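With CSV, C-alpha atoms inside, this is structure13.csv:
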```csv
chain,number,residue,atom,x,y,z
G,1,SER,CA,173.5,85.5,62.9
G,2,LEU,CA,174.1,87.4,66.1
G,3,ASP,CA,177.8,87.0,65.7
G,4,ASN,CA,177.7,89.2,62.6
G,5,LEU,CA,175.6,92.0,64.0
G,6,LYS,CA,176.9,95.4,65.0
G,7,GLY,CA,174.9,98.5,65.9
G,8,GLU,CA,172.4,100.0,68.2
G,9,ILE,CA,168.6,99.8,68.5
G,10,ILE,CA,166.7,102.4,70.5
G,11,ILE,CA,163.0,102.1,71.4
G,12,ASN,CA,161.9,105.3,73.1
G,13,SER,CA,158.5,104.0,74.3
G,14,GLY,CA,156.2,101.0,73.9
G,15,VAL,CA,153.0,99.7,75.3
G,16,PHE,CA,151.9,96.1,76.0
G,17,GLU,CA,148.4,95.4,77.2
G,18,ASN,CA,146.3,92.4,78.2
G,19,SER,CA,143.5,91.4,80.6
G,20,HIS,CA,145.7,91.8,83.7
G,21,GLY,CA,146.9,95.3,82.9
G,22,THR,CA,149.1,97.6,80.9
G,23,TYR,CA,152.9,97.9,80.7
G,24,LYS,CA,154.5,101.1,79.3
G,25,SER,CA,158.2,101.1,78.5
G,26,GLN,CA,160.1,104.4,78.8
G,27,GLN,CA,163.2,103.4,76.9
G,28,PHE,CA,164.8,100.2,75.6
G,29,THR,CA,168.2,100.1,74.0
G,30,ILE,CA,170.3,97.3,72.6
G,31,ASP,CA,174.0,98.0,71.7
G,32,VAL,CA,175.8,95.1,69.9
G,33,ASP,CA,179.5,95.4,69.2
G,34,ASN,CA,181.3,92.4,67.6
G,35,VAL,CA,184.9,92.8,66.5
G,36,GLY,CA,186.8,89.7,65.4
G,37,GLU,CA,186.3,87.0,68.0
G,38,HIS,CA,185.4,89.6,70.7
G,39,ARG,CA,181.7,90.0,71.6
G,40,ASN,CA,179.8,92.6,73.5
G,41,ILE,CA,176.0,93.2,74.0
G,42,GLN,CA,174.5,95.8,76.3
G,43,ILE,CA,170.8,95.9,77.0
G,44,ASN,CA,169.3,98.8,79.1
G,45,SER,CA,165.7,99.3,80.0
G,46,ASP,CA,163.5,100.3,82.9
G,47,LEU,CA,162.9,96.5,83.5
G,48,PHE,CA,166.5,95.3,83.7
G,49,ASP,CA,170.1,95.8,82.5
G,50,VAL,CA,172.0,92.9,80.7
G,51,THR,CA,175.6,92.8,79.8
G,52,VAL,CA,177.3,90.0,77.8
G,53,ALA,CA,181.0,90.3,77.1
G,54,GLY,CA,183.7,87.9,76.1
G,55,LYS,CA,185.2,86.1,73.1
G,56,GLY,CA,184.1,83.3,70.9
G,57,SER,CA,180.9,82.6,69.0
G,58,TYR,CA,177.3,83.0,70.3
G,59,GLN,CA,176.2,80.2,68.0
G,60,GLU,CA,178.8,77.8,69.3
G,61,LEU,CA,178.4,78.9,73.0
G,62,GLN,CA,175.2,77.0,73.5
G,63,ASP,CA,176.8,73.8,72.2
G,64,TYR,CA,179.7,74.2,74.7
G,65,ILE,CA,177.4,74.8,77.6
G,66,TYR,CA,175.2,71.9,76.6
G,67,ASP,CA,178.3,69.6,76.4
G,68,PHE,CA,179.4,70.9,79.8
G,69,LEU,CA,176.1,69.8,81.4
G,70,HIS,CA,176.0,66.5,79.4
G,71,ALA,CA,179.5,65.6,80.8
G,72,HIS,CA,178.0,65.6,84.3
G,73,ILE,CA,174.5,64.4,83.5
G,74,PRO,CA,174.9,62.0,80.5
G,75,SER,CA,171.2,61.2,80.6
G,76,ILE,CA,170.5,64.7,79.0
G,77,PRO,CA,169.8,63.8,75.4
G,78,LYS,CA,172.6,64.6,73.0
G,79,ARG,CA,172.1,67.5,70.6
G,80,LYS,CA,171.5,66.5,67.0
G,81,ASN,CA,172.9,69.6,65.3
G,82,TYR,CA,176.1,71.3,66.2
G,83,ALA,CA,177.7,74.4,64.9
G,84,PRO,CA,181.4,74.0,63.8
G,85,HIS,CA,183.7,74.7,66.7
G,86,THR,CA,186.1,77.5,65.7
G,87,HIS,CA,186.7,79.4,69.0
G,88,LEU,CA,187.0,78.3,72.6
G,89,PRO,CA,184.4,80.6,74.3
G,90,HIS,CA,185.0,82.7,77.4
G,91,PHE,CA,181.9,84.8,78.3
G,92,ASN,CA,180.7,86.9,81.2
G,93,LEU,CA,177.0,87.6,81.8
G,94,SER,CA,175.5,90.2,84.1
G,95,VAL,CA,171.8,90.7,84.8
G,96,HIS,CA,170.4,93.4,87.1
G,97,ILE,CA,166.7,93.6,87.8
G,98,LYS,CA,165.1,97.0,88.0
G,99,LYS,CA,161.3,97.3,87.7
G,100,ALA,CA,160.6,93.9,86.1
G,101,ASP,CA,157.4,93.6,88.1
G,102,SER,CA,155.8,96.3,86.0
G,103,LEU,CA,155.8,93.8,83.1
G,104,LEU,CA,155.7,90.6,85.1
G,105,HIS,CA,152.4,91.4,86.8
G,106,ILE,CA,150.4,91.5,83.6
G,107,PHE,CA,151.5,88.0,82.8
G,108,ASN,CA,151.2,86.5,86.3
G,109,PRO,CA,150.1,88.9,89.1
G,110,ASN,CA,151.0,86.3,91.7
G,111,ILE,CA,154.7,86.4,91.0
G,112,HIS,CA,157.0,89.2,92.3
G,113,ILE,CA,160.7,89.7,92.0
G,114,ALA,CA,162.3,92.5,93.9
G,115,GLN,CA,164.2,95.4,92.4
G,116,GLY,CA,167.9,95.1,93.1
G,117,SER,CA,168.1,91.4,92.2
G,118,TYR,CA,171.2,90.4,90.2
G,119,MET,CA,173.1,87.6,88.6
G,120,ASN,CA,176.7,87.4,87.5
G,121,SER,CA,178.1,84.4,85.7
G,122,VAL,CA,181.2,83.2,83.8
G,123,PHE,CA,181.6,80.4,81.4
G,124,SER,CA,185.1,79.5,80.1
G,125,GLU,CA,185.8,76.4,77.9
G,126,GLU,CA,189.5,77.2,78.1
G,127,GLN,CA,189.5,76.9,81.9
G,128,GLN,CA,186.8,74.2,81.9
G,129,LEU,CA,184.9,76.4,84.4
G,130,CYS,CA,181.4,77.6,84.9
G,131,MET,CA,180.6,80.0,87.8
G,132,MET,CA,177.5,82.0,88.9
G,133,GLU,CA,176.6,84.1,91.9
G,134,SER,CA,173.2,85.8,92.4
G,135,PHE,CA,171.2,87.7,95.0
G,136,VAL,CA,167.4,88.2,95.1
G,137,PRO,CA,166.0,90.4,98.0
G,138,GLU,CA,162.6,88.8,97.6
G,139,LEU,CA,160.8,86.4,95.3
G,140,SER,CA,157.2,85.7,96.0
G,141,ILE,CA,154.7,83.3,94.4
G,142,GLY,CA,151.3,83.8,95.9
G,143,ASN,CA,151.6,83.6,99.7
G,144,VAL,CA,155.0,82.0,99.6
G,145,LYS,CA,157.9,84.4,100.0
G,146,LEU,CA,161.6,83.6,99.7
G,147,GLN,CA,163.8,86.4,101.0
G,148,ASN,CA,167.5,87.3,100.9
G,149,ILE,CA,168.2,84.6,98.5
G,150,LYS,CA,171.9,84.0,97.9
G,151,ILE,CA,173.0,81.6,95.2
G,152,THR,CA,176.5,80.4,94.2
G,153,ALA,CA,177.3,77.7,91.7
G,154,GLU,CA,180.7,76.4,90.4
G,155,GLY,CA,181.3,73.7,87.9
G,156,SER,CA,184.5,72.0,86.9
G,157,THR,CA,185.4,68.9,85.0
G,158,GLU,CA,184.8,66.9,88.2
G,159,GLN,CA,181.4,68.1,89.4
G,160,ILE,CA,178.9,71.0,89.7
G,161,ASN,CA,178.2,72.5,93.2
G,162,THR,CA,175.3,74.8,93.9
G,163,ASN,CA,174.6,76.5,97.3
G,164,LEU,CA,171.6,78.5,98.4
G,165,ILE,CA,170.9,80.6,101.6
G,166,TYR,CA,167.4,82.0,102.0
G,167,SER,CA,164.6,82.8,104.3
G,168,LEU,CA,161.1,81.3,103.9
G,169,ALA,CA,157.9,83.4,104.8
G,170,LEU,CA,154.5,81.8,104.5
G,171,ASN,CA,151.7,83.7,106.2
G,172,GLN,CA,152.4,83.2,110.0
G,173,LEU,CA,155.4,80.9,109.4
G,174,THR,CA,158.9,82.5,109.0
G,175,ILE,CA,162.1,80.5,108.9
G,176,PRO,CA,165.3,82.5,108.3
G,177,ASP,CA,168.8,81.3,107.1
G,178,ILE,CA,167.8,78.1,105.4
G,179,SER,CA,170.8,76.6,103.6
G,180,SER,CA,170.6,74.1,100.7
G,181,SER,CA,173.3,72.5,98.7
G,182,PHE,CA,173.3,70.3,95.5
G,183,MET,CA,176.2,68.4,94.0
G,184,PHE,CA,175.9,67.0,90.4
G,185,LYS,CA,178.3,64.3,89.3
G,186,ASN,CA,178.3,61.1,87.2
G,187,ASN,CA,174.6,61.2,86.3
G,188,SER,CA,173.6,61.6,90.0
G,189,PHE,CA,173.1,64.3,92.6
G,190,GLU,CA,173.3,64.8,96.4
G,191,HIS,CA,171.2,67.3,98.2
G,192,ALA,CA,171.2,68.7,101.8
G,193,THR,CA,169.0,71.3,103.4
G,194,HIS,CA,169.5,72.6,106.9
G,195,TRP,CA,167.7,75.1,109.2
G,196,ASN,CA,167.9,75.9,112.9
G,197,HIS,CA,165.7,78.8,114.1
G,198,VAL,CA,164.8,79.3,117.8
G,199,ASP,CA,162.4,82.1,118.7
G,200,SER,CA,159.2,81.6,120.7
G,201,VAL,CA,159.1,78.2,119.0
G,202,VAL,CA,161.7,75.9,117.5
G,203,TYR,CA,162.2,75.1,113.8
G,204,LYS,CA,165.1,73.0,113.0
G,205,GLY,CA,166.0,70.1,110.8
G,206,SER,CA,168.3,68.5,108.3
G,207,ILE,CA,167.1,66.7,105.2
G,208,GLU,CA,169.7,64.9,103.1
G,209,ASN,CA,169.1,62.7,100.2
G,210,SER,CA,170.4,61.6,96.8
G,211,GLY,CA,169.1,60.7,93.4
G,212,ILE,CA,170.0,59.6,89.9
G,213,PHE,CA,169.2,60.8,86.4
G,214,GLU,CA,167.9,58.5,83.7
G,215,PRO,CA,167.2,58.9,80.0
G,216,SER,CA,163.8,60.4,79.1
G,217,THR,CA,161.7,60.9,76.0
G,218,HIS,CA,161.8,64.7,76.6
G,219,ALA,CA,163.9,66.7,74.2
G,220,PHE,CA,166.1,68.1,76.9
G,221,LEU,CA,165.2,67.2,80.4
G,222,PRO,CA,166.3,63.8,81.9
G,223,LYS,CA,164.2,61.7,84.2
G,224,ILE,CA,164.9,62.1,87.9
G,225,VAL,CA,164.6,59.2,90.4
G,226,VAL,CA,164.8,60.4,94.0
G,227,SER,CA,164.0,59.3,97.5
G,228,VAL,CA,164.3,60.7,101.0
G,229,PRO,CA,165.2,58.2,103.7
G,230,HIS,CA,163.5,58.4,107.1
G,231,GLN,CA,164.5,61.7,108.8
G,232,THR,CA,163.3,63.9,111.7
G,233,VAL,CA,162.6,67.6,111.7
G,234,VAL,CA,161.2,70.0,114.3
G,235,ILE,CA,158.4,72.4,113.2
G,236,ALA,CA,156.9,74.7,115.8
G,237,ASP,CA,158.3,72.7,118.7
G,238,SER,CA,156.8,69.5,117.2
G,239,VAL,CA,158.9,66.5,116.1
G,240,TRP,CA,157.9,65.2,112.7
G,241,HIS,CA,159.1,62.1,110.8
G,242,ILE,CA,159.5,62.4,107.0
G,243,HIS,CA,160.0,59.7,104.4
G,244,ILE,CA,159.7,59.6,100.6
G,245,ALA,CA,160.1,56.2,98.9
G,246,GLU,CA,161.5,56.0,95.4
G,247,SER,CA,159.7,58.7,93.3
G,248,THR,CA,160.2,59.7,89.7
G,249,ILE,CA,160.0,63.1,88.0
G,250,ASP,CA,159.8,62.8,84.2
G,251,SER,CA,159.2,66.3,82.7
G,252,SER,CA,155.6,67.0,83.7
G,253,SER,CA,154.9,63.5,85.0
G,254,ILE,CA,155.5,63.0,88.8
G,255,TYR,CA,155.1,59.6,90.4
G,256,VAL,CA,155.2,59.1,94.2
G,257,SER,CA,155.2,55.5,95.2
G,258,HIS,CA,154.7,56.4,98.9
G,259,ALA,CA,155.5,59.4,101.1
G,260,TYR,CA,154.4,60.5,104.6
G,261,VAL,CA,154.9,63.0,107.4
G,262,GLN,CA,154.1,61.8,110.9
G,263,LYS,CA,153.9,63.1,114.5
G,264,HIS,CA,153.0,60.4,117.0
G,265,ASP,CA,149.7,59.1,115.8
G,266,GLU,CA,149.1,62.0,113.4
G,267,LYS,CA,150.0,61.1,109.8
G,268,ILE,CA,149.6,62.4,106.2
G,269,GLU,CA,150.4,60.0,103.4
G,270,PHE,CA,150.9,60.8,99.7
G,271,GLN,CA,150.7,58.3,96.8
G,272,GLY,CA,150.0,58.4,93.1
G,273,LYS,CA,150.9,60.1,89.9
G,274,ILE,CA,150.5,63.6,88.3
G,275,SER,CA,150.6,63.8,84.5
G,276,HIS,CA,148.7,65.0,81.5
G,277,ASN,CA,146.9,61.7,81.5
G,278,LYS,CA,143.4,62.6,82.8
G,279,ASN,CA,143.1,59.3,84.6
G,280,ASP,CA,146.2,59.6,86.7
G,281,THR,CA,145.5,60.3,90.4
G,282,ILE,CA,147.5,61.6,93.3
G,283,SER,CA,146.0,60.8,96.7
G,284,ILE,CA,146.4,62.4,100.2
G,285,MET,CA,145.4,60.4,103.2
G,286,PHE,CA,144.7,61.8,106.6
G,287,GLN,CA,145.1,59.6,109.7
G,288,ASP,CA,144.3,61.2,113.1
G,289,PHE,CA,145.8,64.5,111.7
G,290,ASP,CA,145.0,67.6,113.7
G,291,ALA,CA,143.9,70.5,111.4
G,292,GLU,CA,145.6,72.8,113.8
G,293,ASN,CA,148.9,71.9,112.1
G,294,PHE,CA,147.8,74.0,109.1
G,295,ASN,CA,147.5,77.2,111.1
G,296,ASN,CA,151.1,78.3,110.6
G,297,ILE,CA,150.5,78.5,106.9
G,298,MET,CA,147.1,80.1,107.1
G,299,PRO,CA,146.3,83.9,107.3
G,300,GLU,CA,146.3,85.2,110.8
G,301,ASN,CA,142.5,85.6,110.9
G,302,ILE,CA,141.9,81.9,110.0
G,303,ASN,CA,142.6,78.9,112.3
G,304,PHE,CA,141.3,75.4,112.5
G,305,SER,CA,141.5,72.5,114.9
G,306,GLY,CA,140.0,69.0,115.0
G,307,VAL,CA,141.3,65.6,114.1
G,308,LEU,CA,140.9,64.8,110.4
G,309,GLN,CA,140.3,61.4,108.9
G,310,GLY,CA,139.9,60.4,105.3
G,311,LYS,CA,141.2,60.8,101.8
G,312,ILE,CA,141.4,63.3,98.9
G,313,ASN,CA,142.1,62.3,95.3
G,314,PHE,CA,143.3,64.8,92.7
G,315,GLN,CA,143.1,64.4,88.9
G,316,ARG,CA,143.8,66.5,85.8
G,317,LEU,CA,146.0,69.0,87.8
G,318,TYR,CA,147.4,70.4,84.5
G,319,GLU,CA,143.9,71.2,83.3
G,320,THR,CA,140.8,72.0,85.3
G,321,PRO,CA,141.5,70.0,88.5
G,322,LEU,CA,139.1,67.3,89.7
G,323,ILE,CA,139.0,66.9,93.5
G,324,PHE,CA,137.3,63.9,95.1
G,325,ALA,CA,137.2,64.1,98.9
G,326,ASN,CA,136.0,62.0,101.8
G,327,ILE,CA,137.1,63.9,104.9
G,328,SER,CA,135.6,64.0,108.4
G,329,SER,CA,136.3,65.3,111.9
G,330,ASP,CA,134.3,64.4,115.0
G,331,ASP,CA,135.1,67.6,116.8
G,332,PHE,CA,135.9,70.5,114.4
G,333,TYR,CA,136.7,74.1,115.5
G,334,PHE,CA,136.9,77.2,113.2
G,335,ASN,CA,138.4,80.3,114.7
G,336,GLY,CA,138.0,78.9,118.2
G,337,ASN,CA,134.3,78.2,117.7
G,338,LYS,CA,133.1,74.6,118.0
G,339,GLN,CA,131.4,73.5,114.7
G,340,GLY,CA,130.7,69.9,115.8
G,341,VAL,CA,131.1,67.0,113.3
G,342,LEU,CA,132.6,68.0,110.0
G,343,LYS,CA,132.0,66.0,106.8
G,344,ILE,CA,133.3,66.9,103.3
G,345,ARG,CA,132.3,64.7,100.4
G,346,SER,CA,132.7,65.2,96.7
G,347,MET,CA,131.9,62.7,93.9
G,348,TRP,CA,131.8,62.6,90.1
G,349,MET,CA,128.3,62.8,88.6
G,350,PRO,CA,128.6,61.2,85.1
G,351,GLN,CA,125.1,62.2,84.0
G,352,LYS,CA,125.9,65.9,84.6
G,353,ARG,CA,129.6,65.6,83.9
G,354,GLY,CA,130.4,67.5,87.0
G,355,ILE,CA,131.4,67.1,90.6
G,356,LYS,CA,128.9,67.2,93.5
G,357,LEU,CA,130.4,68.7,96.6
G,358,SER,CA,128.7,68.6,100.1
G,359,ILE,CA,130.1,70.2,103.3
G,360,SER,CA,128.3,69.9,106.6
G,361,CYS,CA,128.9,70.7,110.2
G,362,THR,CA,126.6,69.2,112.8
G,363,LYS,CA,126.5,70.0,116.5
G,364,GLY,CA,124.3,67.4,118.2
G,365,THR,CA,121.1,67.5,116.2
G,366,THR,CA,121.7,71.0,114.9
G,367,ASP,CA,123.0,71.7,111.4
G,368,ILE,CA,125.6,74.5,111.8
G,369,LEU,CA,126.5,74.3,108.1
G,370,SER,CA,125.1,72.4,105.2
G,371,LEU,CA,126.2,73.0,101.6
```

Just give me the structure of the file as structure tokens.
Amino acid sequence: SLDNLKGEIIINSGVFENSHGTYKSQQFTIDVDNVGEHRNIQINSDLFDVTVAGKGSYQELQDYIYDFLHAHIPSIPKRKNYAPHTHLPHFNLSVHIKKADSLLHIFNPNIHIAQGSYMNSVFSEEQQLCMMESFVPELSIGNVKLQNIKITAEGSTEQINTNLIYSLALNQLTIPDISSSFMFKNNSFEHATHWNHVDSVVYKGSIENSGIFEPSTHAFLPKIVVSVPHQTVVIADSVWHIHIAESTIDSSSIYVSHAYVQKHDEKIEFQGKISHNKNDTISIMFQDFDAENFNNIMPENINFSGVLQGKINFQRLYETPLIFANISSDDFYFNGNKQGVLKIRSMWMPQKRGIKLSISCTKGTTDILSL
């Protein structure tokens, strides 16, 4: 086992290649030093540096951490196999990110984590304490960027508290200094997210909600039942009302009984289920919703306007998604140019086992676009 290892491994160079690119490692070293109950692991590479130091048993540590989480969230399934407990663990973990992108980009080019990110954590069974603090200059997934992310977490015998401060950047939309907090206790959680940014336009809001954990058939993850009561936020000077009725997250299955965002008569509603069942459907309904609201999250060279009506159904989101749409706008504009009446239709063609998509824009009797 890892508890009995001692020595050093040095890999001077290595190459990993796939369809997205090639990663070349300059040097990778692992130094393991175990003496009595004292443990030390040092990993150094051009990707990251990791240090694990403390006392106890690595094999037993995972059981203690699992029990710590289970004490606050009893719906986490109990472990079936435990190692004998011979030492009370006290461990420190430190991770510093260097050029992890050079490897990450060949697995998923859309994900970026900035150099200089770090995490430090402590777990002590003796003190019944778990602590973590982390900073990430930038984390991006596609067009969504989270910047200056600060995370702190502290757990005791009473509860686990986690706090985040970060900035959100999404194309033309940037909201700095968003703060979020989570408290886990007695198989439940409480959440609050606040932001207040005033520049040329106002972004401010406060979303607070709670939820409970329930047993699941998943090997580790519990079921989460959550709702968001009626609340109000301001986005780009516009007041929006938000509500999510009781919804359930069970591993890869997500069920939304009913949710909506609304500004005056403009409304988007969400309802349905996402899972690996190919027949499950999640629906998005548009009611008098101005497409201009999407412009803040679109690239600068693309903007829309026009009142949308209709519905979109999504199926098989974990495979090749099926999208069934019936959307229209009586006065649609693209980049400031009037396109007339917009109609988007898609339907399943059982004979061809495929989806037929039609998009048209008609100005008077003239077809501006017909696909």

Pairwise distance, atom CA of G:Thr162 with atom CA of G:Ile149, equals 12.9 Å

Residues within 6 Å of stretch 224-227 of chain G, only C-alpha atoms, excluding chain neighbours under 2 positions, as a PyMOL selection string:
chain G and resi 211-213+244-249

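In terms of minimum interatomic distance to G:Pro299, G:Val144 ranks closest within G:Ile160, G:Val234, G:Val144, G:Val261, counting all atoms listed in the file.
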
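Closest approach to G:Lys343 among G:Leu173, G:Leu322, G:Ile254, G:Leu308: G:Leu308, based on all atoms listed in the file.
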
Could you pull the residues within 9 Å of stretch 273-280 of chain G, counting only C-alpha atoms, minus those fewer than 3 positions along the same chain, as an mmCIF file with C-alpha atoms, keeping the file's coordinate frame?
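Final file, around22.cif:
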```cif
data_model
loop_
_atom_site.group_PDB
_atom_site.id
_atom_site.type_symbol
_atom_site.label_atom_id
_atom_site.label_comp_id
_atom_site.auth_asym_id
_atom_site.auth_seq_id
_atom_site.Cartn_x
_atom_site.Cartn_y
_atom_site.Cartn_z
ATOM 1 C CA SER G 252 155.600 67.000 83.700
ATOM 2 C CA SER G 253 154.900 63.500 85.000
ATOM 3 C CA ILE G 254 155.500 63.000 88.800
ATOM 4 C CA TYR G 255 155.100 59.600 90.400
ATOM 5 C CA VAL G 256 155.200 59.100 94.200
ATOM 6 C CA SER G 257 155.200 55.500 95.200
ATOM 7 C CA SER G 283 146.000 60.800 96.700
ATOM 8 C CA PHE G 314 143.300 64.800 92.700
ATOM 9 C CA GLN G 315 143.100 64.400 88.900
ATOM 10 C CA ARG G 316 143.800 66.500 85.800
ATOM 11 C CA LEU G 317 146.000 69.000 87.800
ATOM 12 C CA TYR G 318 147.400 70.400 84.500
ATOM 13 C CA GLU G 319 143.900 71.200 83.300
#
```

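Coordinates place atom CA of G:Ala71 at a distance of 13.4 Å from atom CA of G:Pro222.
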
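Near stretch 184-200 of chain G, within a cut-off of 6 Å and counting only C-alpha atoms, sit the residues His72, Ile73, Pro74, Gln159, Ile160, Ile178, Ser179, Gly205, Ser206, Ile207, Glu208, Asn209, Ser210, Gly211, Ile212 and Phe213 of chain G, with same-chain residues fewer than 5 positions away left out.
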
What is the distance, in Å and to one decimal place, between atom CA of G:Gln27 and atom CA of G:Asn120?
23.5 Å

Using all atoms listed in the file, collect all residues at a distance of at most 10 Å from (139.7, 58.7, 106.9) as written in the file, then present them as an NGL selection string.
:G and (285-289 or 308-312 or 325-329)

For the selection you just gave me, I'd like the residues written to a file as a compact mmCIF listing (two decimals), keeping the file's coordinate frame, keeping C-alpha atoms.
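Wrote it out as result.txt, contents follow:
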```txt
# COMPACT_ATOMS: atom_id res chain seq x y z
CA MET G 285 145.40 60.40 103.20
CA PHE G 286 144.70 61.80 106.60
CA GLN G 287 145.10 59.60 109.70
CA ASP G 288 144.30 61.20 113.10
CA PHE G 289 145.80 64.50 111.70
CA LEU G 308 140.90 64.80 110.40
CA GLN G 309 140.30 61.40 108.90
CA GLY G 310 139.90 60.40 105.30
CA LYS G 311 141.20 60.80 101.80
CA ILE G 312 141.40 63.30 98.90
CA ALA G 325 137.20 64.10 98.90
CA ASN G 326 136.00 62.00 101.80
CA ILE G 327 137.10 63.90 104.90
CA SER G 328 135.60 64.00 108.40
CA SER G 329 136.30 65.30 111.90
```

For G:Leu139, the closest of G:Ser124, G:Ser156, G:Asn303, G:Ser167 counting all atoms listed in the file is G:Ser167

If you count all atoms listed in the file, which residues fall within 6 Å of G:His243, apart from same-chain ones fewer than 3 positions away, as a PyMOL selection string?
chain G and resi 228-230+259-260

Any chance you could export the current selection's C-alpha atoms as an mmCIF file, keeping the file's coordinate frame?
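Final output, again39.cif:
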```cif
data_model
loop_
_atom_site.group_PDB
_atom_site.id
_atom_site.type_symbol
_atom_site.label_atom_id
_atom_site.label_comp_id
_atom_site.auth_asym_id
_atom_site.auth_seq_id
_atom_site.Cartn_x
_atom_site.Cartn_y
_atom_site.Cartn_z
ATOM 1 C CA VAL G 228 164.300 60.700 101.000
ATOM 2 C CA PRO G 229 165.200 58.200 103.700
ATOM 3 C CA HIS G 230 163.500 58.400 107.100
ATOM 4 C CA ALA G 259 155.500 59.400 101.100
ATOM 5 C CA TYR G 260 154.400 60.500 104.600
#
```

Non-local contacts of G:Glu60 (10 Å; all atoms listed in the file; under 4 positions in same chain excluded) as a PyMOL selection string:
chain G and resi 3+56+64-65+82-89

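In terms of minimum interatomic distance to G:Ile175, G:Ala236 ranks closest within G:Leu342, G:Ala236, G:Ile141, G:Leu47, counting only C-alpha atoms.
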
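Compared by their closest atoms to G:Glu125, and using all atoms listed in the file, the residues G:Lys6, G:Lys80, G:His218, G:His90 rank with G:His90 nearest.
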
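Candidate residues G:Met183, G:Ile11, G:Ile41, G:Val202 were compared for distance to G:Phe28, and the nearest is G:Ile11, using only C-alpha atoms.
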